[in-house]
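J.: One structure, pasted below without further comment.
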Amino acid sequence: MVKWKFYLLLPMFAVLAFGSVSFAQEFDKEAFKAELRAELKAELKKELLGEIKEEMKAEILNETKADVQEATIGLRNVMQSDFKAELRAEIMEETRSVIAEETANVLDHTDLLSGLFKGTTVSGFIDTNFMYNLRHHGENNNGTNTSGRNRTNILNFVGENEDNSFVVENFAMFMDKAATDEHPVGWQMHTYWGEKAQRITFAGPGNDTVDTAEGGADVSGTARRFSLVTANVTWNAPVAGKTVPITMGKMYTWIGYELVENIGNPNYSHSQTYNNAIPFTHTGLSIDVSEFLPSDKWGLTLYYINGWDTYIDNNEGKSYGTYLTWAPNDDFFISLATVYGPENWGLASGGEGSESSNTMMYDIVATYSLPQVDKLSLGFNWDHGYSEDTDQAGSSTSGPNSGAHWWAAVGYAMYDFTDNQMGAVRYEYFDDQDGAKFFGHSLWTLTYTHNITIHDNLMIRPEIRYNKYNVPSSEEYTHNTGDGGGTFDSETILGVGVEYVF
């Protein structure tokens, strides 16, 4: 019975089974369609997204390119406007360097100029002045010189001695080639035109004087308007592992505080000490042995020369000199200079004993910049000399006479008021009572100079100077002016110097 019941239920199970299969098949189809649709949609979206990206990318790149081009043009315009001058200066500098290099190459390959002017500097200055001696009252006559020139020759020996006259004091041209480690041979040539050239070198044969036998009018050399002030050659000689500069020729003196060129001095006019107590130039040999000293703060140069202020030696004797310096720091400097030799002028012409009558002197120079007082600096100069066989009147003879001394002390004070104005005061006392320098008395001077730099290398230097001669009334100087003349033992000079350095 149970068995029959099972068979009767079989058809029902079959219907249920086939119905379930049919329903499942219908359900999977829809899902498949949906899934396929989704996949197709995703692929299409991806494809369309790629196309859109490419289109947008191209569009953006085109826009960016246009922006970049516009920005570049704008930047170029800005640079051209704002940096045109700067770019032009750079181009000119580069061009100048190229030209300089090409010029140097030309000089290096030119036999005539090779080595001669390479490294040579050319410089100089123009110096003009106007001096007015109140003692002369503008009459241009000092009683001893009525020729119209050097009317205040008591004032100075090498210049600044005209009165009430505009003067071309000096046109100086310098050519210098320094001796260096790379180029151990150097040379120097300095020339003067103008009043300063007259007396800078005045002794010995061949001193450019005018010969009256040839129709000249002046054998003293005062008609000269040109002078070869220095001309020498220097060799940096290697000696025992050191460098020893050896110079031969005509050179400036190593003695004294002041220089022959006015532009190198704090005061415009030269002191009486410079004009009468020391030499100006020398011709001979110098040897710098400073590198053998224990410190570079010390310097020492040795000299072997013809004498004082000569082209050619005026006797058969030579003079010896030394120059010792010490500069412990930037604020202080001191030097000791000496010279010794047969330079007694009265005997130099050939009198008996002229080679054994010696003149000797020493000179001390000191400078100090006060760190306690800003813009103030000081200078000091001391000279003492002795001349053999010179009598008290200042003349020399062929026989032995007593010796004659001279000495001088000079003080300087310089103050920088501004960057372009400096005041300089100088006081000096010069004693020649023995007559070694042919004065036979002492004197003192007080000078103030106001140095004004107008523009770059142009200087205007107004000055006032007072000279006092310590002489008895019976020995006072005489002068002859339009107000009747008279005697004097002092004088005041007003002046102004104008100098341009190039």
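To be explicit about the labels: the chains of the structure tokens are called A, B, and onward in the order shown, and within each one the residues are counted from 1, while ligands get numbers from 1 in the order they are shown.
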Skipping near chain neighbours, those fewer than 6 positions away, what residues fall within 6 Å of Met175 (chain A) using only C-alpha atoms, listed as JSON, numbers by chain?

T.: {"A": [121, 122, 188, 189]}

J.: What is the CA of Val496 (chain A) to CA of Leu259 (chain A) distance in Å?

T.: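 Answer for the CA of Val496 (chain A) to CA of Leu259 (chain A) separation: 18.4 Å.
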
J.: A:Gly379, A:Gly435, A:Pro371, A:Pro238: which is nearest Trp406 (chain A), counting only C-alpha atoms?

T.: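 Distance minimum relative to Trp406 (chain A) lands on A:Gly435.
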